[in-house]
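As stored in structure27.txt (compact mmCIF, N, CA and C atoms):
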```txt
# COMPACT_ATOMS: atom_id res chain seq x y z
N MET O 163 42.02 30.62 -11.44
CA MET O 163 40.60 30.60 -11.78
C MET O 163 40.31 29.47 -12.76
N LYS O 164 41.14 29.33 -13.78
CA LYS O 164 40.96 28.31 -14.78
C LYS O 164 41.00 26.91 -14.14
N TYR O 165 41.86 26.69 -13.16
CA TYR O 165 41.99 25.40 -12.52
C TYR O 165 40.80 25.09 -11.62
N THR O 166 40.26 26.09 -10.97
CA THR O 166 39.10 25.91 -10.10
C THR O 166 37.89 25.47 -10.93
N PHE O 167 37.66 26.11 -12.04
CA PHE O 167 36.53 25.76 -12.91
C PHE O 167 36.68 24.34 -13.42
N LEU O 168 37.87 23.96 -13.84
CA LEU O 168 38.13 22.63 -14.34
C LEU O 168 37.91 21.59 -13.24
N LEU O 169 38.32 21.90 -12.03
CA LEU O 169 38.14 20.99 -10.91
C LEU O 169 36.66 20.77 -10.62
N LEU O 170 35.83 21.79 -10.71
CA LEU O 170 34.39 21.66 -10.49
C LEU O 170 33.76 20.74 -11.53
N ILE O 171 34.20 20.86 -12.75
CA ILE O 171 33.67 20.00 -13.82
C ILE O 171 34.09 18.55 -13.58
N ILE O 172 35.33 18.34 -13.23
CA ILE O 172 35.82 16.98 -13.00
C ILE O 172 35.09 16.33 -11.83
N LEU O 173 34.84 17.07 -10.77
CA LEU O 173 34.17 16.53 -9.60
C LEU O 173 32.67 16.34 -9.79
N GLY O 174 32.14 16.84 -10.88
CA GLY O 174 30.72 16.66 -11.14
C GLY O 174 29.84 17.60 -10.34
N CYS O 175 30.36 18.69 -9.90
CA CYS O 175 29.58 19.64 -9.13
C CYS O 175 28.52 20.28 -10.02
N THR O 176 27.43 20.65 -9.40
CA THR O 176 26.36 21.29 -10.17
C THR O 176 26.33 22.77 -9.86
N THR O 177 25.81 23.49 -10.80
CA THR O 177 25.66 24.93 -10.61
C THR O 177 24.38 25.18 -9.83
N PRO O 178 24.21 26.38 -9.27
CA PRO O 178 22.96 26.70 -8.56
C PRO O 178 21.72 26.49 -9.43
N ASN O 179 21.81 26.81 -10.72
CA ASN O 179 20.66 26.62 -11.61
C ASN O 179 20.31 25.14 -11.77
N GLU O 180 21.34 24.29 -11.86
CA GLU O 180 21.09 22.85 -11.96
C GLU O 180 20.44 22.32 -10.68
N LYS O 181 20.89 22.84 -9.53
CA LYS O 181 20.31 22.41 -8.25
C LYS O 181 18.84 22.84 -8.17
N LYS O 182 18.54 24.03 -8.63
CA LYS O 182 17.15 24.51 -8.63
C LYS O 182 16.28 23.63 -9.53
N GLN O 183 16.80 23.28 -10.70
CA GLN O 183 16.05 22.44 -11.63
C GLN O 183 15.83 21.05 -11.04
N GLU O 184 16.86 20.50 -10.39
CA GLU O 184 16.73 19.18 -9.77
C GLU O 184 15.67 19.21 -8.66
N ALA O 185 15.69 20.25 -7.85
CA ALA O 185 14.69 20.39 -6.78
C ALA O 185 13.29 20.52 -7.37
N LYS O 186 13.17 21.26 -8.47
CA LYS O 186 11.88 21.43 -9.13
C LYS O 186 11.38 20.09 -9.69
N ASN O 187 12.29 19.30 -10.29
CA ASN O 187 11.92 17.99 -10.82
C ASN O 187 11.48 17.05 -9.70
N ASN O 188 12.21 17.07 -8.58
CA ASN O 188 11.84 16.22 -7.44
C ASN O 188 10.47 16.61 -6.90
N LYS O 189 10.21 17.92 -6.81
CA LYS O 189 8.91 18.40 -6.33
C LYS O 189 7.80 17.96 -7.27
N THR O 190 8.03 18.05 -8.56
CA THR O 190 7.03 17.65 -9.55
C THR O 190 6.75 16.15 -9.44
N GLN O 191 7.80 15.35 -9.32
CA GLN O 191 7.62 13.90 -9.17
C GLN O 191 6.84 13.58 -7.91
N TYR O 192 7.17 14.27 -6.82
CA TYR O 192 6.45 14.06 -5.55
C TYR O 192 4.98 14.43 -5.70
N GLU O 193 4.70 15.57 -6.33
CA GLU O 193 3.32 16.01 -6.50
C GLU O 193 2.53 15.04 -7.38
N GLU O 194 3.16 14.49 -8.42
CA GLU O 194 2.49 13.52 -9.29
C GLU O 194 2.18 12.24 -8.52
N LEU O 195 3.13 11.76 -7.72
CA LEU O 195 2.93 10.56 -6.91
C LEU O 195 1.83 10.79 -5.87
N LEU O 196 1.84 11.95 -5.24
CA LEU O 196 0.83 12.28 -4.25
C LEU O 196 -0.56 12.32 -4.89
N ALA O 197 -0.67 12.95 -6.05
CA ALA O 197 -1.96 13.02 -6.74
C ALA O 197 -2.46 11.63 -7.12
N LYS O 198 -1.57 10.78 -7.59
CA LYS O 198 -1.94 9.41 -7.94
C LYS O 198 -2.43 8.65 -6.72
N ASN O 199 -1.71 8.76 -5.60
CA ASN O 199 -2.12 8.08 -4.38
C ASN O 199 -3.44 8.60 -3.84
N LEU O 200 -3.65 9.92 -3.91
CA LEU O 200 -4.93 10.48 -3.46
C LEU O 200 -6.07 10.00 -4.32
N ALA O 201 -5.84 9.86 -5.62
CA ALA O 201 -6.88 9.32 -6.51
C ALA O 201 -7.20 7.88 -6.14
N ASN O 202 -6.17 7.09 -5.86
CA ASN O 202 -6.39 5.70 -5.45
C ASN O 202 -7.16 5.63 -4.15
N ILE O 203 -6.81 6.49 -3.19
CA ILE O 203 -7.49 6.48 -1.90
C ILE O 203 -8.96 6.86 -2.07
N SER O 204 -9.25 7.88 -2.86
CA SER O 204 -10.65 8.27 -3.03
C SER O 204 -11.43 7.17 -3.75
N GLU O 205 -10.79 6.44 -4.67
CA GLU O 205 -11.45 5.32 -5.34
C GLU O 205 -11.76 4.22 -4.33
N ILE O 206 -10.83 3.96 -3.43
CA ILE O 206 -11.02 2.93 -2.41
C ILE O 206 -12.14 3.34 -1.46
N ILE O 207 -12.11 4.57 -1.00
CA ILE O 207 -13.09 5.04 -0.03
C ILE O 207 -14.50 5.01 -0.60
N GLU O 208 -14.66 5.30 -1.86
CA GLU O 208 -15.98 5.33 -2.49
C GLU O 208 -16.54 3.94 -2.73
N GLY O 209 -15.74 2.91 -2.57
CA GLY O 209 -16.17 1.56 -2.86
C GLY O 209 -17.03 0.94 -1.76
N GLU O 210 -17.53 -0.23 -2.07
CA GLU O 210 -18.34 -1.02 -1.13
C GLU O 210 -17.40 -1.70 -0.13
N ILE O 211 -17.70 -1.56 1.16
CA ILE O 211 -16.89 -2.21 2.19
C ILE O 211 -17.33 -3.67 2.30
N ILE O 212 -16.42 -4.59 2.03
CA ILE O 212 -16.70 -6.02 2.15
C ILE O 212 -16.65 -6.42 3.62
N GLY O 213 -15.70 -5.87 4.36
CA GLY O 213 -15.59 -6.18 5.78
C GLY O 213 -14.45 -5.43 6.43
N GLU O 214 -14.50 -5.37 7.77
CA GLU O 214 -13.45 -4.74 8.56
C GLU O 214 -13.10 -5.69 9.71
N TRP O 215 -11.81 -5.77 10.02
CA TRP O 215 -11.32 -6.71 11.02
C TRP O 215 -10.25 -6.03 11.86
N TYR O 216 -10.06 -6.55 13.07
CA TYR O 216 -9.00 -6.02 13.94
C TYR O 216 -8.02 -7.15 14.28
N ASP O 217 -6.75 -6.87 14.07
CA ASP O 217 -5.67 -7.83 14.34
C ASP O 217 -4.88 -7.32 15.54
N SER O 218 -4.83 -8.09 16.61
CA SER O 218 -4.13 -7.67 17.82
C SER O 218 -2.72 -8.25 17.92
N THR O 219 -2.19 -8.77 16.83
CA THR O 219 -0.84 -9.33 16.82
C THR O 219 0.19 -8.23 17.14
N PRO O 220 1.09 -8.48 18.11
CA PRO O 220 2.10 -7.47 18.43
C PRO O 220 2.90 -7.05 17.20
N TYR O 221 3.26 -5.80 17.14
CA TYR O 221 4.05 -5.15 16.09
C TYR O 221 3.28 -4.87 14.81
N ILE O 222 2.17 -5.56 14.59
CA ILE O 222 1.36 -5.27 13.39
C ILE O 222 -0.10 -5.00 13.78
N GLU O 223 -0.33 -4.72 15.06
CA GLU O 223 -1.69 -4.50 15.54
C GLU O 223 -2.37 -3.38 14.75
N GLY O 224 -3.61 -3.65 14.34
CA GLY O 224 -4.34 -2.63 13.62
C GLY O 224 -5.58 -3.16 12.93
N LYS O 225 -6.16 -2.31 12.12
CA LYS O 225 -7.43 -2.59 11.44
C LYS O 225 -7.16 -2.95 9.98
N TRP O 226 -7.88 -3.95 9.50
CA TRP O 226 -7.82 -4.39 8.11
C TRP O 226 -9.20 -4.14 7.48
N THR O 227 -9.21 -3.67 6.26
CA THR O 227 -10.46 -3.43 5.55
C THR O 227 -10.33 -3.96 4.12
N ILE O 228 -11.36 -4.67 3.67
CA ILE O 228 -11.44 -5.07 2.26
C ILE O 228 -12.61 -4.31 1.66
N SER O 229 -12.35 -3.66 0.54
CA SER O 229 -13.42 -2.95 -0.16
C SER O 229 -13.40 -3.33 -1.64
N LYS O 230 -14.48 -2.99 -2.32
CA LYS O 230 -14.60 -3.28 -3.75
C LYS O 230 -15.11 -2.03 -4.45
N ASN O 231 -14.48 -1.69 -5.56
CA ASN O 231 -14.90 -0.55 -6.36
C ASN O 231 -14.53 -0.82 -7.82
N ASN O 232 -15.50 -0.63 -8.71
CA ASN O 232 -15.27 -0.81 -10.15
C ASN O 232 -14.65 -2.17 -10.47
N GLY O 233 -15.11 -3.21 -9.78
CA GLY O 233 -14.64 -4.56 -10.06
C GLY O 233 -13.29 -4.91 -9.45
N LYS O 234 -12.65 -3.97 -8.74
CA LYS O 234 -11.36 -4.22 -8.10
C LYS O 234 -11.57 -4.36 -6.60
N TYR O 235 -10.78 -5.22 -5.99
CA TYR O 235 -10.80 -5.40 -4.54
C TYR O 235 -9.54 -4.77 -3.96
N TYR O 236 -9.70 -4.13 -2.80
CA TYR O 236 -8.60 -3.45 -2.13
C TYR O 236 -8.46 -3.96 -0.71
N LEU O 237 -7.23 -4.13 -0.28
CA LEU O 237 -6.92 -4.47 1.10
C LEU O 237 -6.21 -3.27 1.71
N MET O 238 -6.80 -2.74 2.77
CA MET O 238 -6.23 -1.58 3.44
C MET O 238 -5.84 -1.96 4.86
N ARG O 239 -4.69 -1.48 5.30
CA ARG O 239 -4.23 -1.70 6.66
C ARG O 239 -4.04 -0.35 7.33
N GLU O 240 -4.50 -0.25 8.56
CA GLU O 240 -4.23 0.93 9.37
C GLU O 240 -3.68 0.43 10.69
N PHE O 241 -2.40 0.71 10.93
CA PHE O 241 -1.74 0.22 12.12
C PHE O 241 -2.07 1.08 13.34
N LYS O 242 -1.76 0.55 14.50
CA LYS O 242 -2.06 1.21 15.77
C LYS O 242 -1.44 2.61 15.83
N ASP O 243 -0.27 2.78 15.21
CA ASP O 243 0.41 4.08 15.25
C ASP O 243 -0.14 5.08 14.24
N GLY O 244 -1.16 4.67 13.47
CA GLY O 244 -1.78 5.58 12.50
C GLY O 244 -1.25 5.43 11.09
N SER O 245 -0.14 4.74 10.90
CA SER O 245 0.38 4.51 9.55
C SER O 245 -0.44 3.42 8.88
N GLY O 246 -0.21 3.23 7.61
CA GLY O 246 -0.95 2.20 6.91
C GLY O 246 -0.61 2.16 5.44
N ASP O 247 -1.29 1.28 4.73
CA ASP O 247 -1.10 1.17 3.29
C ASP O 247 -2.30 0.46 2.69
N SER O 248 -2.29 0.37 1.38
CA SER O 248 -3.36 -0.34 0.69
C SER O 248 -2.78 -0.97 -0.57
N GLN O 249 -3.46 -1.99 -1.03
CA GLN O 249 -3.05 -2.65 -2.27
C GLN O 249 -4.25 -3.30 -2.93
N ILE O 250 -4.14 -3.46 -4.22
CA ILE O 250 -5.18 -4.18 -4.95
C ILE O 250 -4.96 -5.66 -4.70
N ILE O 251 -6.04 -6.38 -4.41
CA ILE O 251 -5.95 -7.82 -4.18
C ILE O 251 -6.81 -8.54 -5.20
N GLU O 252 -6.52 -9.78 -5.41
CA GLU O 252 -7.24 -10.58 -6.41
C GLU O 252 -8.19 -11.54 -5.71
N ASN O 253 -9.46 -11.48 -6.07
CA ASN O 253 -10.44 -12.42 -5.54
C ASN O 253 -10.32 -13.71 -6.34
N SER O 254 -9.93 -14.78 -5.66
CA SER O 254 -9.73 -16.03 -6.39
C SER O 254 -10.96 -16.93 -6.37
N LEU O 255 -12.05 -16.45 -5.77
CA LEU O 255 -13.31 -17.18 -5.78
C LEU O 255 -14.42 -16.26 -6.26
N PRO O 256 -15.46 -16.79 -6.90
CA PRO O 256 -16.56 -15.94 -7.36
C PRO O 256 -17.34 -15.36 -6.20
N ASN O 257 -18.13 -14.36 -6.44
CA ASN O 257 -19.08 -13.68 -5.56
C ASN O 257 -18.46 -12.84 -4.44
N GLY O 258 -17.17 -12.59 -4.49
CA GLY O 258 -16.55 -11.71 -3.52
C GLY O 258 -16.36 -12.31 -2.14
N LYS O 259 -16.62 -13.56 -1.99
CA LYS O 259 -16.45 -14.24 -0.70
C LYS O 259 -15.25 -15.16 -0.80
N GLY O 260 -14.71 -15.48 0.32
CA GLY O 260 -13.72 -16.54 0.33
C GLY O 260 -12.29 -16.12 0.34
N ARG O 261 -11.57 -16.39 -0.72
CA ARG O 261 -10.11 -16.30 -0.74
C ARG O 261 -9.64 -15.14 -1.62
N PHE O 262 -8.70 -14.34 -1.06
CA PHE O 262 -8.12 -13.21 -1.77
C PHE O 262 -6.60 -13.35 -1.74
N LEU O 263 -5.97 -13.13 -2.88
CA LEU O 263 -4.52 -13.16 -2.98
C LEU O 263 -3.98 -11.75 -2.78
N TYR O 264 -2.86 -11.62 -2.05
CA TYR O 264 -2.21 -10.32 -1.88
C TYR O 264 -0.70 -10.52 -1.82
N ASN O 265 0.04 -9.41 -1.72
CA ASN O 265 1.51 -9.46 -1.78
C ASN O 265 1.97 -10.19 -3.04
N ASP O 266 1.41 -9.79 -4.17
CA ASP O 266 1.76 -10.36 -5.48
C ASP O 266 1.54 -11.87 -5.53
N GLY O 267 0.50 -12.34 -4.83
CA GLY O 267 0.14 -13.75 -4.86
C GLY O 267 0.95 -14.63 -3.93
N ARG O 268 1.86 -14.03 -3.16
CA ARG O 268 2.68 -14.82 -2.22
C ARG O 268 1.88 -15.21 -0.99
N ASP O 269 0.86 -14.45 -0.66
CA ASP O 269 0.05 -14.70 0.52
C ASP O 269 -1.42 -14.66 0.14
N TYR O 270 -2.26 -15.19 1.01
CA TYR O 270 -3.69 -15.11 0.76
C TYR O 270 -4.44 -14.98 2.08
N ILE O 271 -5.65 -14.48 1.98
CA ILE O 271 -6.52 -14.32 3.14
C ILE O 271 -7.84 -15.00 2.84
N ILE O 272 -8.44 -15.53 3.88
CA ILE O 272 -9.73 -16.20 3.74
C ILE O 272 -10.70 -15.60 4.75
N ILE O 273 -11.88 -15.25 4.29
CA ILE O 273 -12.95 -14.87 5.20
C ILE O 273 -13.59 -16.18 5.63
N ASP O 274 -13.42 -16.54 6.92
CA ASP O 274 -13.90 -17.85 7.37
C ASP O 274 -15.41 -17.83 7.64
N ASP O 275 -15.95 -18.97 8.05
CA ASP O 275 -17.40 -19.11 8.29
C ASP O 275 -17.92 -18.19 9.39
N ASN O 276 -17.04 -17.77 10.31
CA ASN O 276 -17.44 -16.85 11.39
C ASN O 276 -17.27 -15.39 10.99
N GLY O 277 -16.78 -15.16 9.77
CA GLY O 277 -16.58 -13.79 9.30
C GLY O 277 -15.22 -13.22 9.65
N ASN O 278 -14.36 -14.00 10.30
CA ASN O 278 -13.02 -13.54 10.64
C ASN O 278 -12.11 -13.63 9.42
N LEU O 279 -11.00 -12.93 9.49
CA LEU O 279 -10.06 -12.86 8.37
C LEU O 279 -8.81 -13.65 8.74
N ALA O 280 -8.61 -14.79 8.08
CA ALA O 280 -7.45 -15.64 8.35
C ALA O 280 -6.37 -15.38 7.30
N PHE O 281 -5.13 -15.23 7.77
CA PHE O 281 -4.00 -14.92 6.91
C PHE O 281 -3.14 -16.17 6.72
N TYR O 282 -2.71 -16.38 5.47
CA TYR O 282 -1.89 -17.55 5.12
C TYR O 282 -0.72 -17.11 4.25
N ASP O 283 0.37 -17.81 4.40
CA ASP O 283 1.55 -17.64 3.56
C ASP O 283 1.62 -18.87 2.67
N THR O 284 1.90 -18.69 1.39
CA THR O 284 1.92 -19.84 0.47
C THR O 284 3.04 -20.82 0.79
N GLU O 285 4.07 -20.37 1.50
CA GLU O 285 5.18 -21.26 1.84
C GLU O 285 4.98 -21.95 3.19
N TYR O 286 4.48 -21.20 4.20
CA TYR O 286 4.42 -21.73 5.57
C TYR O 286 3.01 -22.04 6.05
N GLY O 287 2.00 -21.62 5.33
CA GLY O 287 0.62 -21.89 5.76
C GLY O 287 0.05 -20.82 6.65
N TYR O 288 -0.76 -21.23 7.61
CA TYR O 288 -1.50 -20.31 8.48
C TYR O 288 -0.57 -19.37 9.24
N ILE O 289 -0.96 -18.07 9.30
CA ILE O 289 -0.19 -17.07 10.04
C ILE O 289 -0.97 -16.63 11.28
N ASN O 290 -2.13 -16.04 11.08
CA ASN O 290 -2.95 -15.58 12.20
C ASN O 290 -4.36 -15.21 11.71
N THR O 291 -5.22 -14.81 12.65
CA THR O 291 -6.59 -14.44 12.32
C THR O 291 -6.92 -13.09 12.93
N ALA O 292 -7.55 -12.25 12.13
CA ALA O 292 -8.06 -10.95 12.61
C ALA O 292 -9.57 -11.12 12.87
N LYS O 293 -10.03 -10.56 13.97
CA LYS O 293 -11.44 -10.68 14.37
C LYS O 293 -12.30 -9.67 13.64
N LYS O 294 -13.46 -10.12 13.21
CA LYS O 294 -14.42 -9.26 12.49
C LYS O 294 -14.92 -8.17 13.42
N LEU O 295 -14.98 -6.93 12.90
CA LEU O 295 -15.55 -5.81 13.63
C LEU O 295 -17.03 -5.72 13.28
N ASN O 296 -17.85 -5.29 14.21
CA ASN O 296 -19.29 -5.16 13.95
C ASN O 296 -19.60 -4.02 13.03
```
Could you express the structure from this file as structure tokens?
Amino acid sequence: MKYTFLLLIILGCTTPNEKKQEAKNNKTQYEELLAKNLANISEIIEGEIIGEWYDSTPYIEGKWTISKNNGKYYLMREFKDGSGDSQIIENSLPNGKGRFLYNDGRDYIIIDDNGNLAFYDTEYGYINTAKKLN
């Protein structure tokens, strides 16, 4: 018995109570992250829609939306399979028109004269264009 207990300590095994506490901590962290994301989503949804575009590029086909709320601009993607994401983007020109930086400034998008959304990479240049939705 004494050797079994010592072996469990050496191997770093956890007791049932430690496992329960770890599961509780993970659940709490998940709930906090979920609440934060839901707050961000509701902030985005309540904002002014700057524009919506559709990108038919294979593997990334989907809808792009730029919105503004409380002085922040958001870029939202919804892919064909229903997944998506959003991020805060930086408007690098006044009046909310023109050029927006995203992906931590590595890429940028331009709303062109026709209202389409052109994507650029700071290293390689032009990537593609998403068509404006009515």
Minimum-distance residue to O:Asn276, chosen among O:Leu263, O:Ala292, O:Met238, O:Ile212 (using only C-alpha atoms) = O:Ala292
ask   = atom N of O:Leu237 and atom C of O:Ile251 are how many Å apart?
value =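 Separation of atom N of O:Leu237 and atom C of O:Ile251: 6.6 Å.
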note = Using all atoms listed in the file, the residue out of O:Tyr236, O:Ile228, O:Thr190, O:Asn253 with shortest distance to O:Trp215 is O:Ile228
task = From a DSSP calculation on the backbone, collect every residue of stretch 203-293 of chain O in helix (DSSP H, G or I) and output the set as a VMD selection string.
result = chain O and resid 203 to 207 256 to 258
request  = Using atom C of O:Glu240 and atom C of O:Tyr221 as the two end points, give the distance in Å to one decimal.
outcome  = 9.7 Å
note = In terms of all atoms listed in the file, the residue from O:Gly244, O:Tyr264, O:Asp283, O:Asn278 at minimal distance from O:Tyr216 is O:Asn278
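Note that the spacing between atom CA of O:Gly213 and atom C of O:Phe281 amounts to 16.0 Å.
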message = For the structure I just gave you, how does DSSP split stretch 211-291 of chain O - specifically, which residues are strand (DSSP E or B)? Reply as a ChimeraX atom specification.
response = /O:211-217,224-231,234-241,246-253,261-264,269-273,279-283,287-291
inquiry  = Under the rule that only C-alpha atoms are counted, which of O:Gly267, O:Asn231, O:Glu210, O:Gly277 is the nearest residue to O:Asn296?
reply    =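 Among the listed residues, O:Gly277 lies closest to O:Asn296.
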